[in-house]
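As provided, my_file05.csv (CSV, C-alpha atoms and all ligand atoms) reads as follows.
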```csv
chain,number,residue,atom,x,y,z
A,1,MET,CA,74.4,62.7,32.3
A,2,ARG,CA,75.4,60.7,29.2
A,3,SER,CA,78.5,58.5,29.7
A,4,GLY,CA,78.3,56.0,26.9
A,5,THR,CA,75.5,53.5,27.1
A,6,THR,CA,73.6,53.1,30.4
A,7,TRP,CA,73.3,49.7,32.2
A,8,ALA,CA,69.6,49.6,31.2
A,9,GLU,CA,70.5,50.2,27.6
A,10,ARG,CA,73.2,47.5,27.7
A,11,ARG,CA,70.9,45.0,29.3
A,12,SER,CA,68.3,45.4,26.5
A,13,LYS,CA,71.0,44.5,23.8
A,14,VAL,CA,72.8,41.3,23.2
A,15,CYS,CA,76.0,41.7,21.1
A,16,GLY,CA,74.7,45.1,20.2
A,17,VAL,CA,71.4,43.8,18.8
A,18,PRO,CA,68.2,45.0,20.6
A,19,LYS,CA,66.7,42.2,22.7
A,20,TYR,CA,63.2,42.6,21.2
A,21,LEU,CA,64.7,41.8,17.8
A,22,LEU,CA,66.1,38.5,19.1
A,23,TRP,CA,62.6,37.6,20.4
A,24,VAL,CA,61.2,38.4,17.0
A,25,LEU,CA,63.8,36.2,15.4
A,26,LEU,CA,63.1,33.4,17.9
A,27,GLY,CA,59.4,33.7,17.0
A,28,LEU,CA,60.2,33.4,13.3
A,29,VAL,CA,62.3,30.3,13.9
A,30,VAL,CA,59.4,28.7,15.8
A,31,ILE,CA,56.9,29.5,13.1
A,32,VAL,CA,59.2,28.6,10.1
A,33,ILE,CA,60.9,25.5,11.5
A,34,VAL,CA,59.4,24.1,14.7
A,35,VAL,CA,55.7,24.3,13.8
A,36,PRO,CA,56.0,22.4,10.4
A,37,ILE,CA,58.1,19.7,12.0
A,38,GLY,CA,55.5,19.4,14.8
A,39,VAL,CA,52.7,19.1,12.1
A,40,MET,CA,54.7,16.5,10.2
A,41,PHE,CA,55.5,14.3,13.2
A,42,GLY,CA,52.7,15.3,15.5
A,43,ARG,CA,50.2,13.2,13.6
A,44,LYS,CA,52.2,10.1,14.4
A,45,LYS,CA,52.1,10.8,18.2
A,46,GLY,CA,49.7,8.7,20.2
A,47,SER,CA,48.6,5.2,19.1
A,48,PRO,CA,46.6,4.7,15.9
A,49,GLY,CA,43.2,3.2,15.8
A,50,LYS,CA,42.5,-0.5,15.6
A,51,SER,CA,42.2,-1.9,12.1
A,52,SER,CA,40.7,-5.1,10.5
A,53,VAL,CA,42.5,-7.7,8.4
A,54,LEU,CA,41.4,-7.6,4.8
A,55,LEU,CA,42.4,-11.0,3.4
A,56,PRO,CA,42.3,-11.8,-0.4
A,57,LEU,CA,41.8,-15.5,0.2
A,58,TYR,CA,42.7,-16.8,-3.3
A,59,VAL,CA,44.0,-20.0,-1.6
A,60,TYR,CA,42.3,-23.1,-3.0
A,61,PRO,CA,40.7,-25.0,-0.1
A,62,ASP,CA,42.4,-28.3,-0.4
A,63,PRO,CA,41.6,-30.1,2.9
A,64,GLY,CA,43.6,-28.2,5.6
A,65,ALA,CA,44.8,-25.4,3.3
A,66,TRP,CA,42.7,-22.8,5.2
A,67,ASP,CA,43.9,-24.0,8.6
A,68,PRO,CA,46.3,-21.0,9.0
A,69,LEU,CA,43.3,-18.8,8.6
A,70,PHE,CA,41.1,-20.7,11.1
A,71,THR,CA,44.0,-20.6,13.6
A,72,ALA,CA,44.5,-16.9,13.2
A,73,ILE,CA,40.8,-16.2,13.6
A,74,GLU,CA,40.5,-18.4,16.8
A,75,SER,CA,43.6,-17.0,18.4
A,76,ASN,CA,42.6,-13.4,17.7
A,77,PRO,CA,38.9,-13.2,18.7
A,78,HIS,CA,39.2,-9.4,19.0
A,79,VAL,CA,40.5,-9.0,15.4
A,80,ASN,CA,37.8,-8.5,12.7
A,81,PHE,CA,38.5,-10.3,9.4
A,82,THR,CA,37.1,-9.4,6.0
A,83,VAL,CA,37.7,-12.4,3.8
A,84,VAL,CA,37.5,-12.2,0.0
A,85,VAL,CA,36.3,-15.6,-1.3
A,86,ASN,CA,37.2,-16.2,-4.9
A,87,PRO,CA,36.5,-19.6,-6.4
A,88,ALA,CA,37.1,-18.8,-10.1
A,89,SER,CA,37.9,-15.1,-10.5
A,90,GLY,CA,34.3,-14.8,-9.4
A,91,PRO,CA,31.8,-17.4,-8.2
A,92,GLY,CA,32.0,-19.6,-11.3
A,93,THR,CA,29.0,-20.3,-13.5
A,94,ASP,CA,27.5,-23.2,-11.5
A,95,PRO,CA,24.9,-22.4,-8.9
A,96,GLY,CA,27.3,-23.4,-6.1
A,97,PRO,CA,31.1,-23.8,-5.7
A,98,ASP,CA,32.9,-27.2,-5.7
A,99,ALA,CA,32.9,-29.6,-2.8
A,100,ASN,CA,36.1,-28.3,-1.2
A,101,TYR,CA,34.6,-24.8,-1.0
A,102,THR,CA,31.3,-26.0,0.3
A,103,SER,CA,33.1,-27.8,3.1
A,104,GLU,CA,35.3,-24.9,4.1
A,105,ILE,CA,33.1,-21.7,3.6
A,106,PRO,CA,30.5,-22.6,6.2
A,107,LYS,CA,33.3,-23.0,8.8
A,108,LEU,CA,34.5,-19.5,8.0
A,109,ASN,CA,31.0,-18.1,8.4
A,110,GLN,CA,30.6,-19.6,11.9
A,111,TYR,CA,33.0,-17.1,13.4
A,112,PRO,CA,31.5,-13.9,14.7
A,113,ASN,CA,34.6,-11.9,13.8
A,114,VAL,CA,34.6,-12.9,10.2
A,115,ARG,CA,32.8,-11.3,7.3
A,116,THR,CA,33.0,-13.1,3.9
A,117,VAL,CA,32.7,-11.2,0.7
A,118,GLY,CA,32.5,-12.6,-2.9
A,119,TYR,CA,35.0,-11.6,-5.5
A,120,VAL,CA,33.6,-10.0,-8.7
A,121,SER,CA,35.8,-8.7,-11.5
A,122,THR,CA,34.9,-5.4,-13.3
A,123,ASN,CA,37.9,-4.9,-15.6
A,124,TYR,CA,37.9,-1.1,-14.8
A,125,THR,CA,34.1,-1.2,-15.7
A,126,ASN,CA,34.9,-2.5,-19.2
A,127,ARG,CA,33.3,-5.8,-18.3
A,128,ASN,CA,29.8,-6.6,-19.6
A,129,PHE,CA,27.6,-5.2,-16.9
A,130,SER,CA,25.1,-8.2,-17.1
A,131,ASP,CA,28.0,-10.6,-16.5
A,132,ALA,CA,29.1,-8.7,-13.4
A,133,LEU,CA,25.5,-8.6,-12.2
A,134,GLN,CA,25.1,-12.3,-12.7
A,135,ASP,CA,28.2,-13.0,-10.5
A,136,VAL,CA,26.5,-10.9,-7.8
A,137,MET,CA,23.3,-12.9,-8.2
A,138,ILE,CA,25.1,-16.2,-8.0
A,139,TYR,CA,26.8,-15.2,-4.7
A,140,SER,CA,23.4,-14.0,-3.4
A,141,LEU,CA,21.9,-17.4,-4.1
A,142,TRP,CA,24.5,-19.2,-2.1
A,143,SER,CA,22.8,-18.2,1.2
A,144,ALA,CA,19.6,-19.8,0.1
A,145,ASN,CA,21.3,-23.2,-0.7
A,146,THR,CA,19.5,-25.6,1.6
A,147,THR,CA,21.9,-28.5,0.8
A,148,VAL,CA,24.8,-26.4,2.1
A,149,PRO,CA,23.8,-24.3,5.0
A,150,GLY,CA,26.2,-21.4,5.9
A,151,LEU,CA,27.5,-20.7,2.4
A,152,GLY,CA,26.2,-17.1,2.3
A,153,MET,CA,28.4,-14.1,1.6
A,154,ASN,CA,28.0,-10.7,3.4
A,155,GLY,CA,29.2,-8.4,0.8
A,156,ILE,CA,31.0,-8.0,-2.6
A,157,PHE,CA,34.6,-7.2,-3.5
A,158,LEU,CA,34.7,-5.4,-6.8
A,159,ASP,CA,38.2,-5.8,-8.3
A,160,GLU,CA,39.9,-3.4,-10.7
A,161,THR,CA,37.6,-0.4,-10.3
A,162,PRO,CA,38.8,2.7,-12.2
A,163,ASN,CA,40.6,5.6,-10.4
A,164,GLU,CA,39.9,8.4,-12.9
A,165,TYR,CA,36.4,9.6,-12.8
A,166,ASN,CA,34.1,9.2,-15.8
A,167,ALA,CA,30.3,9.2,-15.8
A,168,ALA,CA,29.9,5.8,-17.5
A,169,SER,CA,32.1,4.1,-14.9
A,170,ALA,CA,30.4,5.8,-12.1
A,171,LEU,CA,27.0,4.7,-13.4
A,172,PHE,CA,28.2,1.0,-13.8
A,173,LEU,CA,29.4,1.0,-10.2
A,174,GLU,CA,26.3,2.7,-8.8
A,175,LYS,CA,24.0,0.3,-10.6
A,176,LEU,CA,26.0,-2.6,-9.2
A,177,ALA,CA,25.9,-1.1,-5.7
A,178,VAL,CA,22.1,-0.7,-5.8
A,179,ALA,CA,21.7,-4.3,-7.0
A,180,ILE,CA,24.1,-5.6,-4.2
A,181,ARG,CA,22.3,-3.6,-1.5
A,182,SER,CA,18.9,-4.8,-2.6
A,183,GLN,CA,19.8,-8.5,-2.5
A,184,THR,CA,18.4,-10.3,0.5
A,185,GLY,CA,21.0,-13.0,0.0
A,186,LEU,CA,24.0,-10.9,0.9
A,187,GLY,CA,23.3,-10.4,4.6
A,188,LYS,CA,21.5,-7.6,6.4
A,189,ASP,CA,24.0,-4.9,5.5
A,190,PRO,CA,26.3,-6.0,2.7
A,191,LEU,CA,29.8,-4.5,2.6
A,192,ILE,CA,31.0,-3.2,-0.8
A,193,ILE,CA,34.7,-3.0,-1.4
A,194,HIS,CA,36.3,-1.2,-4.4
A,195,ASN,CA,39.8,-2.0,-5.5
A,196,PRO,CA,41.3,0.7,-7.7
A,197,GLY,CA,44.6,-0.3,-6.0
A,198,THR,CA,45.6,3.4,-6.0
A,199,LEU,CA,44.0,6.7,-4.8
A,200,PRO,CA,40.8,7.1,-6.9
A,201,ASP,CA,38.8,10.3,-7.7
A,202,ALA,CA,37.0,11.0,-4.4
A,203,GLN,CA,33.7,11.2,-6.2
A,204,TYR,CA,33.7,7.4,-6.4
A,205,ILE,CA,34.0,7.2,-2.7
A,206,LEU,CA,31.7,10.0,-1.7
A,207,SER,CA,28.8,9.0,-4.1
A,208,PRO,CA,25.6,8.1,-2.2
A,209,ASN,CA,25.9,4.6,-3.8
A,210,GLY,CA,29.6,4.5,-3.1
A,211,PRO,CA,31.6,1.6,-1.6
A,212,ASN,CA,32.1,1.1,2.2
A,213,VAL,CA,35.8,0.4,1.7
A,214,THR,CA,38.2,1.4,-1.0
A,215,ILE,CA,41.7,-0.1,-1.5
A,216,VAL,CA,43.9,3.0,-2.0
A,217,PHE,CA,47.1,1.1,-2.3
A,218,GLU,CA,47.8,-2.4,-3.6
A,219,GLY,CA,51.4,-3.0,-4.5
A,220,GLU,CA,55.0,-3.8,-3.6
A,221,TYR,CA,56.4,-2.6,-0.3
A,222,SER,CA,59.2,-0.9,-2.1
A,223,THR,CA,56.8,1.2,-4.1
A,224,TYR,CA,54.9,2.1,-1.0
A,225,GLN,CA,58.2,3.0,0.7
A,226,THR,CA,59.8,5.2,-2.0
A,227,THR,CA,56.9,7.1,-3.4
A,228,GLY,CA,55.7,9.0,-0.3
A,229,ILE,CA,52.3,7.3,-0.7
A,230,GLN,CA,51.7,7.5,3.0
A,231,ASN,CA,51.5,11.3,2.9
A,232,ASP,CA,49.4,11.2,-0.3
A,233,ILE,CA,46.9,9.0,1.5
A,234,SER,CA,46.7,11.1,4.6
A,235,GLY,CA,46.3,14.2,2.5
A,236,PHE,CA,43.6,12.5,0.5
A,237,GLN,CA,41.9,11.5,3.7
A,238,SER,CA,41.8,15.1,5.0
A,239,SER,CA,40.9,16.7,1.7
A,240,SER,CA,38.1,14.3,0.8
A,241,LYS,CA,36.9,14.0,4.5
A,242,CYS,CA,36.6,10.3,4.2
A,243,SER,CA,37.1,8.2,7.3
A,244,ARG,CA,40.0,5.9,8.0
A,245,ASP,CA,37.5,3.1,8.1
A,246,ALA,CA,36.7,3.7,4.4
A,247,LEU,CA,40.3,3.1,3.3
A,248,ALA,CA,42.3,0.0,3.0
A,249,CYS,CA,46.0,-0.8,2.0
A,250,ILE,CA,47.4,-4.1,0.7
A,251,LEU,CA,51.2,-4.5,0.5
A,252,HIS,CA,53.1,-7.5,-0.8
A,253,SER,CA,56.7,-8.3,-1.4
A,254,LEU,CA,57.9,-7.2,2.0
A,255,PRO,CA,61.7,-7.4,2.2
A,256,THR,CA,62.9,-10.9,3.3
A,257,SER,CA,65.1,-9.1,5.9
A,258,PHE,CA,62.0,-7.8,7.7
A,259,SER,CA,61.8,-8.9,11.3
A,260,ASP,CA,58.6,-9.2,13.4
A,261,SER,CA,59.1,-5.7,14.8
A,262,ASP,CA,59.6,-4.3,11.3
A,263,VAL,CA,56.3,-5.7,10.3
A,264,LYS,CA,54.7,-4.4,13.4
A,265,SER,CA,55.9,-0.8,12.8
A,266,LEU,CA,54.9,-0.9,9.2
A,267,VAL,CA,51.4,-2.1,10.2
A,268,LYS,CA,51.3,0.7,12.8
A,269,ASP,CA,52.1,3.3,10.1
A,270,LEU,CA,49.3,1.8,7.9
A,271,ARG,CA,46.8,2.0,10.8
A,272,TYR,CA,47.0,5.8,10.9
A,273,VAL,CA,45.4,5.9,7.5
A,274,SER,CA,43.6,2.7,6.9
A,275,GLY,CA,40.9,0.8,8.7
A,276,SER,CA,41.6,-2.5,6.8
A,277,ILE,CA,45.1,-3.9,6.1
A,278,PHE,CA,46.8,-6.8,4.5
A,279,VAL,CA,50.6,-7.3,4.2
A,280,THR,CA,52.6,-10.3,3.0
A,281,GLY,CA,56.2,-11.2,2.4
A,282,LEU,CA,55.3,-13.3,-0.7
A,283,SER,CA,56.5,-11.7,-3.9
A,284,VAL,CA,54.8,-14.2,-6.4
A,285,ASP,CA,51.2,-15.4,-6.2
A,286,TYR,CA,50.9,-13.2,-3.1
A,287,TYR,CA,47.4,-14.3,-2.3
A,288,SER,CA,47.4,-18.0,-3.2
A,289,SER,CA,49.1,-19.2,0.0
A,290,PHE,CA,49.9,-18.1,3.5
A,291,TRP,CA,53.1,-16.2,4.3
A,292,SER,CA,55.3,-17.4,7.2
A,293,GLY,CA,54.7,-14.0,8.9
A,294,TRP,CA,50.9,-14.3,8.6
A,295,GLN,CA,50.1,-15.1,12.2
A,296,GLY,CA,52.3,-12.4,13.5
A,297,PHE,CA,50.8,-9.8,11.2
A,298,VAL,CA,47.2,-10.5,12.4
A,299,GLY,CA,47.9,-9.4,16.0
A,300,ASP,CA,49.6,-6.2,14.7
A,301,VAL,CA,46.4,-4.7,13.4
A,302,VAL,CA,45.1,-4.1,16.9
A,303,THR,CA,48.1,-4.0,19.3
B,1,LIG,C1,39.2,-31.2,-3.5
B,1,LIG,O1,40.5,-31.3,-3.1
B,1,LIG,C2,41.1,-32.6,-3.2
B,1,LIG,C3,42.4,-32.6,-2.6
B,1,LIG,O2,43.2,-31.6,-3.2
B,1,LIG,C4,41.1,-33.0,-4.7
B,1,LIG,O3,41.6,-34.3,-4.9
B,1,LIG,C5,39.7,-33.0,-5.2
B,1,LIG,O4,39.7,-33.2,-6.6
B,1,LIG,C6,39.0,-31.6,-4.9
B,1,LIG,N1,37.6,-31.7,-5.2
B,1,LIG,C7,37.0,-31.0,-6.2
B,1,LIG,C8,35.6,-31.2,-6.4
B,1,LIG,O5,37.7,-30.3,-7.0
B,2,LIG,C1,34.8,-5.7,15.1
B,2,LIG,O1,33.4,-5.6,14.7
B,2,LIG,C2,32.5,-5.4,15.7
B,2,LIG,C3,31.1,-5.7,15.1
B,2,LIG,O2,31.0,-5.2,13.8
B,2,LIG,C4,32.7,-4.0,16.2
B,2,LIG,O3,31.8,-3.8,17.2
B,2,LIG,C5,34.1,-3.9,16.8
B,2,LIG,O4,34.4,-2.6,17.2
B,2,LIG,C6,35.1,-4.3,15.7
B,2,LIG,N1,36.4,-4.4,16.4
B,2,LIG,C7,37.5,-3.9,15.8
B,2,LIG,C8,38.8,-4.0,16.6
B,2,LIG,O5,37.5,-3.4,14.7
B,3,LIG,C1,23.8,-25.9,-3.7
B,3,LIG,O1,25.2,-26.1,-3.7
B,3,LIG,C2,25.6,-27.3,-4.4
B,3,LIG,C3,27.1,-27.4,-4.2
B,3,LIG,O2,27.8,-26.3,-4.8
B,3,LIG,C4,25.2,-27.3,-5.8
B,3,LIG,O3,25.6,-28.5,-6.4
B,3,LIG,C5,23.7,-27.1,-5.9
B,3,LIG,O4,23.3,-26.9,-7.2
B,3,LIG,C6,23.3,-25.8,-5.1
B,3,LIG,N1,21.8,-25.7,-5.0
B,3,LIG,C7,21.2,-24.7,-5.4
B,3,LIG,C8,19.7,-24.8,-5.3
B,3,LIG,O5,21.7,-23.7,-5.8
B,4,LIG,C1,39.4,-5.6,-20.3
B,4,LIG,O1,38.9,-4.5,-21.1
B,4,LIG,C2,39.8,-4.2,-22.1
B,4,LIG,C3,39.3,-2.9,-22.8
B,4,LIG,O2,38.0,-3.1,-23.2
B,4,LIG,C4,40.0,-5.4,-23.0
B,4,LIG,O3,40.9,-5.0,-24.0
B,4,LIG,C5,40.5,-6.5,-22.2
B,4,LIG,O4,40.5,-7.7,-23.0
B,4,LIG,C6,39.6,-6.8,-21.1
B,4,LIG,N1,40.2,-7.8,-20.2
B,4,LIG,C7,39.6,-8.9,-19.9
B,4,LIG,C8,40.3,-9.9,-19.0
B,4,LIG,O5,38.4,-9.2,-20.2
B,5,LIG,C1,26.5,-8.9,-22.3
B,5,LIG,O1,26.4,-10.3,-22.2
B,5,LIG,C2,25.1,-10.7,-22.5
B,5,LIG,C3,25.1,-12.3,-22.3
B,5,LIG,O2,25.8,-12.6,-21.1
B,5,LIG,C4,24.7,-10.4,-23.9
B,5,LIG,O3,23.3,-10.8,-24.1
B,5,LIG,C5,24.8,-8.9,-24.0
B,5,LIG,O4,24.5,-8.5,-25.4
B,5,LIG,C6,26.1,-8.4,-23.6
B,5,LIG,N1,26.1,-6.9,-23.6
B,5,LIG,C7,27.1,-6.2,-24.2
B,5,LIG,C8,26.9,-4.7,-24.1
B,5,LIG,O5,28.0,-6.7,-24.8
B,6,LIG,C1,27.9,0.5,3.7
B,6,LIG,O1,27.6,1.8,3.2
B,6,LIG,C2,26.2,2.0,3.1
B,6,LIG,C3,25.9,3.3,2.4
B,6,LIG,O2,26.7,4.3,2.9
B,6,LIG,C4,25.6,2.0,4.5
B,6,LIG,O3,24.2,2.3,4.5
B,6,LIG,C5,25.9,0.7,5.2
B,6,LIG,O4,25.5,0.7,6.5
B,6,LIG,C6,27.4,0.4,5.1
B,6,LIG,N1,27.6,-1.0,5.5
B,6,LIG,C7,28.6,-1.4,6.2
B,6,LIG,C8,28.7,-2.9,6.6
B,6,LIG,O5,29.5,-0.7,6.6
```

What would the structure in this file look like if it were written as structure tokens?
Ligand SMILES: *[C@@H]1O[C@H](CO)[C@@H](O)[C@H](O)[C@H]1NC(C)=O
Ligand SMILES: *[C@@H]1O[C@H](CO)[C@@H](O)[C@H](O)[C@H]1NC(C)=O
Ligand SMILES: *[C@@H]1O[C@H](CO)[C@@H](O)[C@H](O)[C@H]1NC(C)=O
Ligand SMILES: *[C@@H]1O[C@H](CO)[C@@H](O)[C@H](O)[C@H]1NC(C)=O
Ligand SMILES: *[C@@H]1O[C@H](CO)[C@@H](O)[C@H](O)[C@H]1NC(C)=O
Ligand SMILES: *[C@@H]1O[C@H](CO)[C@@H](O)[C@H](O)[C@H]1NC(C)=O
Amino acid sequence: MRSGTTWAERRSKVCGVPKYLLWVLLGLVVIVIVVPIGVMFGRKKGSPGKSSVLLPLYVYPDPGAWDPLFTAIESNPHVNFTVVVNPASGPGTDPGPDANYTSEIPKLNQYPNVRTVGYVSTNYTNRNFSDALQDVMIYSLWSANTTVPGLGMNGIFLDETPNEYNAASALFLEKLAVAIRSQTGLGKDPLIIHNPGTLPDAQYILSPNGPNVTIVFEGEYSTYQTTGIQNDISGFQSSSKCSRDALACILHSLPTSFSDSDVKSLVKDLRYVSGSIFVTGLSVDYYSSFWSGWQGFVGDVVT
């Protein structure tokens, strides 16, 4: 008996559309909209790993000038500090640094949570290789200086390394890495840091003689904020399969309006992609003195 649509037929339609079609539509909505949003934001769920402080210490050690650093180290024993020591855009040409450095560096080296590394410039590998190597050798001899115990470095920071790959630059950096790792004067397991300041060709990082840490962003906060670099870095990390610990970020010129909690949430974002971090509100001579937010920032890398 056909009298229009049956109850069963009506129940399987909503506004005349068969119910199974609605389920299909709902499925599409989930796949097209909900899943990508989950992927975009899901990564940020849960807390990020702990990071270390990577401090470019280009502060001249006038008596007391490094006290904000000693205070931060002592009040944060669970934070690891990698400190870049830089007497003269390198170690200088004398066998040892001046008296202000020789009185302060051994204090730094006393802390178990501090690793000191010596600054060496490379000028994007345009520098004379022998000159760069000589800088490494001078730092390496510091640890053998019996007049000044505790002067030794435990790694090398190579500034201005190239980001685009070319064989000559790769060879320059590999030869330097082999020399650094064969020195007995740079500690048992010297740390090598590259600073291209931007995402480099992954071949530099993945080379067997590659660096331990690469600075994949060094620049103004506003650049970091407006260019979507966060996503580039996490994309780079998954495509090159390099660990969070192998990457570092340095941001300067934080807005003066930034509160402690703004700094904390910025540092939290950075911790998802980088094992070593430095941020400062200074917008000129960023690394030559301590920023008023320095102490607060240090705690943010682990909590
Ligand atoms: C060390 O610092 C003091 C105080 O700033 C300065 O007077 C002195 O010349 C410095 N010593 C050396 C060897 O540069
Ligand atoms: C600090 O370094 C020590 C020794 O290298 C390591 O065991 C520890 O996990 C590090 N802590 C953090 C928070 O990175
Ligand atoms: C040890 O360091 C002092 C201070 O920098 C320097 O004058 C001296 O030449 C160094 N000694 C050696 C053997 O390198
Ligand atoms: C760095 O290398 C470039 C290209 O060779 C050269 O023009 C420039 O003078 C170098 N800079 C320094 C500081 O040596
Ligand atoms: C590098 O510098 C050394 C002296 O420091 C010099 O003997 C050598 O010729 C230079 N090499 C190049 C390629 O300029
Ligand atoms: C640095 O990297 C080398 C080569 O991968 C590795 O053998 C060494 O243990 C690393 N050192 C540190 C301090 O991470």

### Message
Please identify all protein, DNA and RNA residues within 10 Å of ligand LIG 1 (chain B), counting only C-alpha atoms and all ligand atoms, and report them as a ChimeraX atom specification.
### Response
/A:60-65,97-103

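The residue set within 12 Å of Ser288 of chain A, counting all atoms listed in the file and dropping same-chain residues fewer than 3 places from it, reads Leu55, Pro56, Leu57, Tyr58, Val59, Tyr60, Pro61, Asp62, Ala65, Trp66, Val84, Val85, Asn86, Pro87, Thr280, Leu282, Ser283, Val284, Asp285 and Trp291 of chain A.
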
### Task
Measuring atom to atom with only C-alpha atoms, identify which of A:Thr125, A:Asn80, A:Thr116, A:Thr147 is nearest to Val302 of chain A.
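Under the stated criterion, the closest residue is A:Asn80.
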
### Query
How would you write, as a ChimeraX atom specification, the set of residues no farther than 12 Å from ligand LIG 2 (chain B) when counting all atoms listed in the file?
/A:48-54,76-82,111-115,189,191,244-245,271,274-277,298-303

### Neighbour list for segment 256-259 of chain A as an NGL selection string, cut-off 12 Å, all atoms listed in the file, skip fewer than 4 positions in-chain
:A and (221-222 or 252 or 263-266 or 279-283 or 291-293 or 296-297)

Take segment 247-267 of chain A, model N, CA and C atoms, and hand the result over as an mmCIF file, in the frame of the given file.
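Full text of out_19.cif as output:
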```cif
data_model
loop_
_atom_site.group_PDB
_atom_site.id
_atom_site.type_symbol
_atom_site.label_atom_id
_atom_site.label_comp_id
_atom_site.auth_asym_id
_atom_site.auth_seq_id
_atom_site.Cartn_x
_atom_site.Cartn_y
_atom_site.Cartn_z
ATOM 1 N N LEU A 247 39.070 3.356 4.087
ATOM 2 C CA LEU A 247 40.300 3.100 3.300
ATOM 3 C C LEU A 247 40.995 1.845 3.700
ATOM 4 N N ALA A 248 41.583 1.182 2.706
ATOM 5 C CA ALA A 248 42.300 0.000 3.000
ATOM 6 C C ALA A 248 43.654 -0.012 2.197
ATOM 7 N N CYS A 249 44.662 -0.722 2.716
ATOM 8 C CA CYS A 249 46.000 -0.800 2.000
ATOM 9 C C CYS A 249 46.379 -2.305 1.974
ATOM 10 N N ILE A 250 46.916 -2.707 0.825
ATOM 11 C CA ILE A 250 47.400 -4.100 0.700
ATOM 12 C C ILE A 250 48.871 -3.964 0.142
ATOM 13 N N LEU A 251 49.811 -4.490 0.924
ATOM 14 C CA LEU A 251 51.200 -4.500 0.500
ATOM 15 C C LEU A 251 51.758 -5.873 0.422
ATOM 16 N N HIS A 252 52.420 -6.171 -0.707
ATOM 17 C CA HIS A 252 53.100 -7.500 -0.800
ATOM 18 C C HIS A 252 54.570 -7.266 -1.066
ATOM 19 N N SER A 253 55.306 -8.373 -1.177
ATOM 20 C CA SER A 253 56.700 -8.300 -1.400
ATOM 21 C C SER A 253 57.503 -7.552 -0.347
ATOM 22 N N LEU A 254 57.127 -7.765 0.915
ATOM 23 C CA LEU A 254 57.900 -7.200 2.000
ATOM 24 C C LEU A 254 59.315 -7.746 1.949
ATOM 25 N N PRO A 255 60.331 -6.945 2.317
ATOM 26 C CA PRO A 255 61.700 -7.400 2.200
ATOM 27 C C PRO A 255 61.888 -8.714 3.077
ATOM 28 N N THR A 256 62.691 -9.660 2.577
ATOM 29 C CA THR A 256 62.900 -10.900 3.300
ATOM 30 C C THR A 256 63.647 -10.609 4.632
ATOM 31 N N SER A 257 64.349 -9.461 4.683
ATOM 32 C CA SER A 257 65.100 -9.100 5.900
ATOM 33 C C SER A 257 64.164 -8.585 7.001
ATOM 34 N N PHE A 258 62.894 -8.407 6.707
ATOM 35 C CA PHE A 258 62.000 -7.800 7.700
ATOM 36 C C PHE A 258 61.809 -8.724 8.916
ATOM 37 N N SER A 259 62.005 -8.131 10.105
ATOM 38 C CA SER A 259 61.800 -8.900 11.300
ATOM 39 C C SER A 259 60.321 -8.653 11.779
ATOM 40 N N ASP A 260 59.908 -9.392 12.817
ATOM 41 C CA ASP A 260 58.600 -9.200 13.400
ATOM 42 C C ASP A 260 58.305 -7.766 13.743
ATOM 43 N N SER A 261 59.340 -7.114 14.321
ATOM 44 C CA SER A 261 59.100 -5.700 14.800
ATOM 45 C C SER A 261 59.067 -4.769 13.590
ATOM 46 N N ASP A 262 59.748 -5.109 12.499
ATOM 47 C CA ASP A 262 59.600 -4.300 11.300
ATOM 48 C C ASP A 262 58.191 -4.340 10.748
ATOM 49 N N VAL A 263 57.628 -5.560 10.759
ATOM 50 C CA VAL A 263 56.300 -5.700 10.300
ATOM 51 C C VAL A 263 55.312 -4.932 11.184
ATOM 52 N N LYS A 264 55.551 -5.049 12.490
ATOM 53 C CA LYS A 264 54.700 -4.400 13.400
ATOM 54 C C LYS A 264 54.708 -2.849 13.216
ATOM 55 N N SER A 265 55.903 -2.282 12.973
ATOM 56 C CA SER A 265 55.900 -0.800 12.800
ATOM 57 C C SER A 265 55.369 -0.402 11.472
ATOM 58 N N LEU A 266 55.525 -1.228 10.451
ATOM 59 C CA LEU A 266 54.900 -0.900 9.200
ATOM 60 C C LEU A 266 53.353 -0.921 9.331
ATOM 61 N N VAL A 267 52.848 -1.961 10.009
ATOM 62 C CA VAL A 267 51.400 -2.100 10.200
ATOM 63 C C VAL A 267 50.892 -0.887 11.045
#
```
